[in-house]
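This is work_24.cif. It holds mmCIF, C-alpha atoms and all ligand atoms.
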data_entry
#
loop_
_atom_site.group_PDB
_atom_site.id
_atom_site.type_symbol
_atom_site.label_atom_id
_atom_site.label_comp_id
_atom_site.auth_asym_id
_atom_site.auth_seq_id
_atom_site.Cartn_x
_atom_site.Cartn_y
_atom_site.Cartn_z
ATOM 1 C CA MET A 1 125.616 90.440 151.373
ATOM 2 C CA GLU A 2 126.666 94.071 150.799
ATOM 3 C CA GLN A 3 130.017 93.281 152.369
ATOM 4 C CA GLN A 4 130.380 90.281 150.065
ATOM 5 C CA ARG A 5 129.596 92.449 147.011
ATOM 6 C CA ALA A 6 132.103 95.052 148.067
ATOM 7 C CA ASN A 7 134.826 92.423 148.342
ATOM 8 C CA GLN A 8 134.098 90.591 145.120
ATOM 9 C CA LYS A 9 137.029 90.648 142.712
ATOM 10 C CA ILE A 10 136.589 89.638 139.105
ATOM 11 C CA ILE A 11 138.908 88.379 136.394
ATOM 12 C CA LEU A 12 137.639 88.330 132.816
ATOM 13 C CA THR A 13 139.081 85.687 130.566
ATOM 14 C CA GLY A 14 138.256 84.352 127.111
ATOM 15 C CA PHE A 15 139.633 84.187 123.608
ATOM 16 C CA MET A 16 141.133 87.119 121.723
ATOM 17 C CA GLY A 17 138.472 89.346 120.219
ATOM 18 C CA VAL A 18 135.691 88.299 122.586
ATOM 19 C CA GLY A 19 135.611 91.788 124.129
ATOM 20 C CA LYS A 20 137.222 91.337 127.567
ATOM 21 C CA SER A 21 138.700 94.853 127.758
ATOM 22 C CA THR A 22 135.517 96.646 126.705
ATOM 23 C CA VAL A 23 133.310 94.597 129.022
ATOM 24 C CA ALA A 24 135.799 95.237 131.871
ATOM 25 C CA ARG A 25 135.578 98.974 131.214
ATOM 26 C CA PHE A 26 131.765 98.989 131.403
ATOM 27 C CA LEU A 27 131.782 96.696 134.415
ATOM 28 C CA ALA A 28 134.145 99.025 136.248
ATOM 29 C CA SER A 29 132.008 102.038 135.446
ATOM 30 C CA LEU A 30 128.830 100.238 136.607
ATOM 31 C CA LEU A 31 130.494 99.164 139.841
ATOM 32 C CA LYS A 32 132.357 102.440 140.224
ATOM 33 C CA CYS A 33 135.694 100.812 140.679
ATOM 34 C CA LYS A 34 138.999 100.597 138.889
ATOM 35 C CA LYS A 35 139.662 98.148 136.071
ATOM 36 C CA ILE A 36 143.058 96.877 135.107
ATOM 37 C CA ASP A 37 143.936 95.583 131.670
ATOM 38 C CA LEU A 38 146.825 93.125 131.883
ATOM 39 C CA ASP A 39 147.924 93.659 128.255
ATOM 40 C CA ALA A 40 148.027 97.440 128.781
ATOM 41 C CA VAL A 41 150.003 97.057 132.019
ATOM 42 C CA ILE A 42 152.559 94.875 130.218
ATOM 43 C CA GLU A 43 152.935 97.310 127.318
ATOM 44 C CA GLU A 44 153.341 100.205 129.713
ATOM 45 C CA SER A 45 155.876 98.530 131.968
ATOM 46 C CA GLU A 46 157.874 97.079 129.052
ATOM 47 C CA ARG A 47 157.510 100.263 126.991
ATOM 48 C CA ARG A 48 156.768 98.311 123.824
ATOM 49 C CA THR A 49 153.922 96.413 122.276
ATOM 50 C CA ILE A 50 153.172 92.779 123.008
ATOM 51 C CA ALA A 51 153.662 92.080 119.294
ATOM 52 C CA ASP A 52 157.185 93.518 119.589
ATOM 53 C CA ILE A 53 157.981 91.427 122.679
ATOM 54 C CA ILE A 54 156.763 88.188 121.096
ATOM 55 C CA GLY A 55 158.402 89.074 117.769
ATOM 56 C CA ALA A 56 161.782 89.736 119.371
ATOM 57 C CA HIS A 57 161.892 87.115 122.154
ATOM 58 C CA GLY A 58 159.202 84.537 121.465
ATOM 59 C CA GLU A 59 156.060 83.476 123.300
ATOM 60 C CA ALA A 60 157.763 81.702 126.246
ATOM 61 C CA HIS A 61 159.593 84.900 127.181
ATOM 62 C CA TYR A 62 156.372 86.885 126.842
ATOM 63 C CA ARG A 63 154.551 84.460 129.153
ATOM 64 C CA ARG A 64 157.149 85.027 131.864
ATOM 65 C CA ILE A 65 156.649 88.792 131.606
ATOM 66 C CA GLU A 66 152.889 88.247 131.641
ATOM 67 C CA THR A 67 153.003 86.153 134.827
ATOM 68 C CA ALA A 68 155.252 88.693 136.590
ATOM 69 C CA ASN A 69 152.866 91.536 135.710
ATOM 70 C CA LEU A 70 149.799 89.515 136.640
ATOM 71 C CA ASN A 71 151.330 88.765 140.030
ATOM 72 C CA LYS A 72 152.008 92.456 140.520
ATOM 73 C CA ILE A 73 148.467 93.635 139.701
ATOM 74 C CA LEU A 74 146.728 90.871 141.661
ATOM 75 C CA SER A 75 148.316 92.285 144.811
ATOM 76 C CA GLN A 76 147.101 95.845 144.199
ATOM 77 C CA LYS A 77 144.578 96.772 146.877
ATOM 78 C CA ASP A 78 142.194 98.507 144.466
ATOM 79 C CA ALA A 79 142.270 95.736 141.826
ATOM 80 C CA ARG A 80 138.639 94.600 141.513
ATOM 81 C CA ILE A 81 138.168 94.081 137.780
ATOM 82 C CA ILE A 82 141.006 92.642 135.722
ATOM 83 C CA ALA A 83 140.863 91.820 132.008
ATOM 84 C CA LEU A 84 143.435 89.180 131.061
ATOM 85 C CA GLY A 85 145.046 88.664 127.688
ATOM 86 C CA GLY A 86 143.549 85.606 125.966
ATOM 87 C CA GLY A 87 146.433 83.264 126.808
ATOM 88 C CA ALA A 88 146.997 84.180 130.452
ATOM 89 C CA TRP A 89 144.366 81.861 131.960
ATOM 90 C CA THR A 90 145.778 78.880 130.023
ATOM 91 C CA ILE A 91 148.956 78.988 132.148
ATOM 92 C CA GLU A 92 148.704 76.882 135.298
ATOM 93 C CA GLU A 93 150.856 79.217 137.403
ATOM 94 C CA ASN A 94 148.581 82.147 136.508
ATOM 95 C CA ARG A 95 145.464 80.198 137.500
ATOM 96 C CA ARG A 96 147.107 79.340 140.820
ATOM 97 C CA LEU A 97 147.985 82.985 141.490
ATOM 98 C CA ILE A 98 144.476 84.140 140.605
ATOM 99 C CA LYS A 99 142.877 81.651 142.998
ATOM 100 C CA GLN A 100 145.389 82.467 145.691
ATOM 101 C CA HIS A 101 144.315 86.119 145.481
ATOM 102 C CA ASP A 102 140.616 85.205 145.769
ATOM 103 C CA PHE A 103 139.459 86.403 142.376
ATOM 104 C CA THR A 104 136.347 84.979 140.756
ATOM 105 C CA THR A 105 136.966 84.160 137.121
ATOM 106 C CA VAL A 106 134.422 84.839 134.397
ATOM 107 C CA TRP A 107 134.892 83.218 131.017
ATOM 108 C CA LEU A 108 133.404 85.267 128.212
ATOM 109 C CA GLU A 109 132.457 82.404 125.958
ATOM 110 C CA SER A 110 131.718 82.957 122.312
ATOM 111 C CA SER A 111 131.899 81.326 118.910
ATOM 112 C CA PHE A 112 135.167 81.343 117.017
ATOM 113 C CA GLU A 113 133.583 83.250 114.119
ATOM 114 C CA HIS A 114 132.510 86.053 116.461
ATOM 115 C CA CYS A 115 136.041 86.379 117.897
ATOM 116 C CA TRP A 116 137.665 86.133 114.484
ATOM 117 C CA ARG A 117 135.482 88.920 113.085
ATOM 118 C CA ASN A 118 136.642 91.200 115.895
ATOM 119 C CA ILE A 119 140.289 90.143 115.528
ATOM 120 C CA ARG A 120 140.164 90.846 111.807
ATOM 121 C CA PHE A 121 138.628 94.290 112.138
ATOM 122 C CA SER A 122 140.751 95.373 115.102
ATOM 123 C CA LYS A 123 143.769 97.638 114.701
ATOM 124 C CA ARG A 124 145.712 95.656 117.305
ATOM 125 C CA VAL A 125 148.337 93.249 116.020
ATOM 126 C CA ARG A 126 147.778 89.817 117.543
ATOM 127 C CA PRO A 127 150.914 87.808 116.831
ATOM 128 C CA LEU A 128 149.334 84.508 117.882
ATOM 129 C CA ALA A 129 146.351 84.927 115.568
ATOM 130 C CA ARG A 130 147.933 86.010 112.321
ATOM 131 C CA ASN A 131 145.646 83.900 110.181
ATOM 132 C CA LYS A 132 142.286 82.224 110.571
ATOM 133 C CA MET A 133 143.624 78.665 110.645
ATOM 134 C CA GLN A 134 146.150 79.417 113.396
ATOM 135 C CA ALA A 135 143.542 81.311 115.417
ATOM 136 C CA ARG A 136 140.927 78.579 115.062
ATOM 137 C CA GLN A 137 143.344 75.892 116.250
ATOM 138 C CA LEU A 138 144.306 77.968 119.291
ATOM 139 C CA PHE A 139 140.633 78.648 119.997
ATOM 140 C CA HIS A 140 139.850 74.929 120.135
ATOM 141 C CA GLU A 141 142.969 74.017 122.137
ATOM 142 C CA ARG A 142 142.072 76.571 124.788
ATOM 143 C CA GLN A 143 138.474 75.601 125.497
ATOM 144 C CA GLN A 144 139.695 73.007 128.037
ATOM 145 C CA PHE A 145 141.338 75.804 130.058
ATOM 146 C CA TYR A 146 138.666 78.458 129.736
ATOM 147 C CA CYS A 147 136.055 76.024 130.999
ATOM 148 C CA LEU A 148 137.962 75.861 134.316
ATOM 149 C CA ALA A 149 136.747 79.405 135.066
ATOM 150 C CA ASP A 150 134.223 79.823 137.910
ATOM 151 C CA TRP A 151 131.574 81.397 135.695
ATOM 152 C CA HIS A 152 130.795 80.775 132.036
ATOM 153 C CA PHE A 153 129.117 83.674 130.398
ATOM 154 C CA VAL A 154 127.885 83.125 126.861
ATOM 155 C CA VAL A 155 128.400 86.262 124.773
ATOM 156 C CA ARG A 156 125.458 86.358 122.395
ATOM 157 C CA PRO A 157 126.246 88.400 119.258
ATOM 158 C CA ASP A 158 123.062 90.459 119.703
ATOM 159 C CA LEU A 159 124.233 91.797 123.084
ATOM 160 C CA THR A 160 126.283 94.973 123.361
ATOM 161 C CA SER A 161 129.353 95.064 125.619
ATOM 162 C CA PHE A 162 127.391 97.279 127.993
ATOM 163 C CA GLN A 163 124.541 94.761 128.203
ATOM 164 C CA ILE A 164 127.047 91.969 128.863
ATOM 165 C CA ALA A 165 128.690 93.994 131.625
ATOM 166 C CA LYS A 166 125.272 94.731 133.147
ATOM 167 C CA LYS A 167 124.340 91.046 133.161
ATOM 168 C CA ILE A 168 127.644 90.116 134.787
ATOM 169 C CA ALA A 169 127.163 92.832 137.403
ATOM 170 C CA GLU A 170 123.658 91.489 138.168
ATOM 171 C CA GLU A 171 124.500 87.810 138.171
ATOM 172 C CA VAL A 172 128.017 87.564 139.532
ATOM 173 C CA PHE A 173 128.018 90.358 142.070
HETATM 174 C C1 LIG B 1 147.138 86.620 123.534
HETATM 175 C C2 LIG B 1 146.109 87.530 123.593
HETATM 176 C C3 LIG B 1 146.331 88.976 123.578
HETATM 177 C C4 LIG B 1 147.719 89.308 124.109
HETATM 178 C C5 LIG B 1 148.768 88.501 123.393
HETATM 179 C C6 LIG B 1 148.571 87.004 123.523
HETATM 180 C C7 LIG B 1 146.799 85.174 123.541
HETATM 181 O O1 LIG B 1 145.348 89.639 124.355
HETATM 182 O O2 LIG B 1 147.795 89.049 125.493
HETATM 183 O O3 LIG B 1 148.765 88.884 122.052
HETATM 184 O O4 LIG B 1 147.704 84.346 123.729
HETATM 185 O O5 LIG B 1 145.606 84.856 123.365
HETATM 186 P P1 LIG B 1 143.796 89.780 123.902
HETATM 187 O O6 LIG B 1 143.077 88.534 124.320
HETATM 188 O O7 LIG B 1 143.329 90.978 124.666
HETATM 189 O O8 LIG B 1 143.791 89.990 122.442
#
Same coordinates, now as structure tokens:
Amino acid sequence: MEQQRANQKIILTGFMGVGKSTVARFLASLLKCKKIDLDAVIEESERRTIADIIGAHGEAHYRRIETANLNKILSQKDARIIALGGGAWTIEENRRLIKQHDFTTVWLESSFEHCWRNIRFSKRVRPLARNKMQARQLFHERQQFYCLADWHFVVRPDLTSFQIAKKIAEEVF
């Protein structure tokens, strides 16, 4: 059992604004391991923001960069907790790579209104959620992909990110 826990590798997925990065940070500190944020890795390796990449070259180009970076981090020996960007899990090739590298996927599931509130109050520019109508449509289109994750974890609005991380650590690990 201990061995199994030590080897468990987790991917957090879910819609923009659900809190993947923050939960990943708490989860990593609870489990005393490293967390990797795919969006941050992309921005660092490309030396520009995701909004700039999508603005200049479009979403299809961005998805290729995303898959290349995902592939790179999945192979890192110390990668145990990875937070994806909200669209990464919707790409079949990414799901295949994630399974191939033996990660367990946790979908942070939440209402659209909860995600939208966080998107609206965040400083980050999210080029694929520029207005509520566009974001809502994307949210609904993506449920069919998110529900392919191994675990579905309902993010209740009364829970803090730390409490969510603690529950995931108790239940998944
Ligand atoms: C995206 C979500 C973003 C980022 C990019 C595209 C998406 O990440 O990867 O803007 O397609 O949902 P967050 O989910 O961390 O906002």
Requested in this report: Can you turn the PyMOL selection byres (((not hetatm)) within 10 of (chain B and resi 1)) into a concrete residue list for this file, as a PyMOL selection string?
Outcome: chain A and resi 13-22+37-40+42-43+49-54+59+62-63+66+83-90+115+118-119+122+124-129+135+138-139+142
Report task. Give me the result of the PyMOL selection byres (((chain A and resi 76-82) around 12) and not hetatm) on this file, residue by residue, as a VMD selection string. Result -> chain A and resid 5 to 13 20 to 41 69 to 75 83 to 85 88 to 89 98 101 to 106 165 168 to 169 173
Report task. Can you work out the spacing between CA of Ile164 (chain A) and CA of Ile65 (chain A) in Å, to one decimal? Result ->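 Computing it gives 29.9 Å between the two atoms.
Going from CA of Leu97 (chain A) to CA of Thr67 (chain A) covers 8.9 Å.
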Query raised in the report: In Å to one decimal, how far is CA of His61 (chain A) from CA of Cys147 (chain A)?
Result: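 Atom-to-atom, CA of Cys147 (chain A) and CA of His61 (chain A) are spaced 25.4 Å apart.
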Query - Reference answer for the PyMOL selection byres (((chain A and resi 155) around 9) and not hetatm), as a count of residues only - result: 13
Report summary line: Using only C-alpha atoms, the residue out of A:Lys166, A:Arg136, A:Glu44, A:Ala60 with shortest distance to His114 (chain A) is A:Arg136
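Restricting the calculation to all atoms listed in the file, the smallest distance between His152 (chain A) and any of A:Glu113, A:Lys167, A:Lys132, A:Trp107 is found for A:Trp107.
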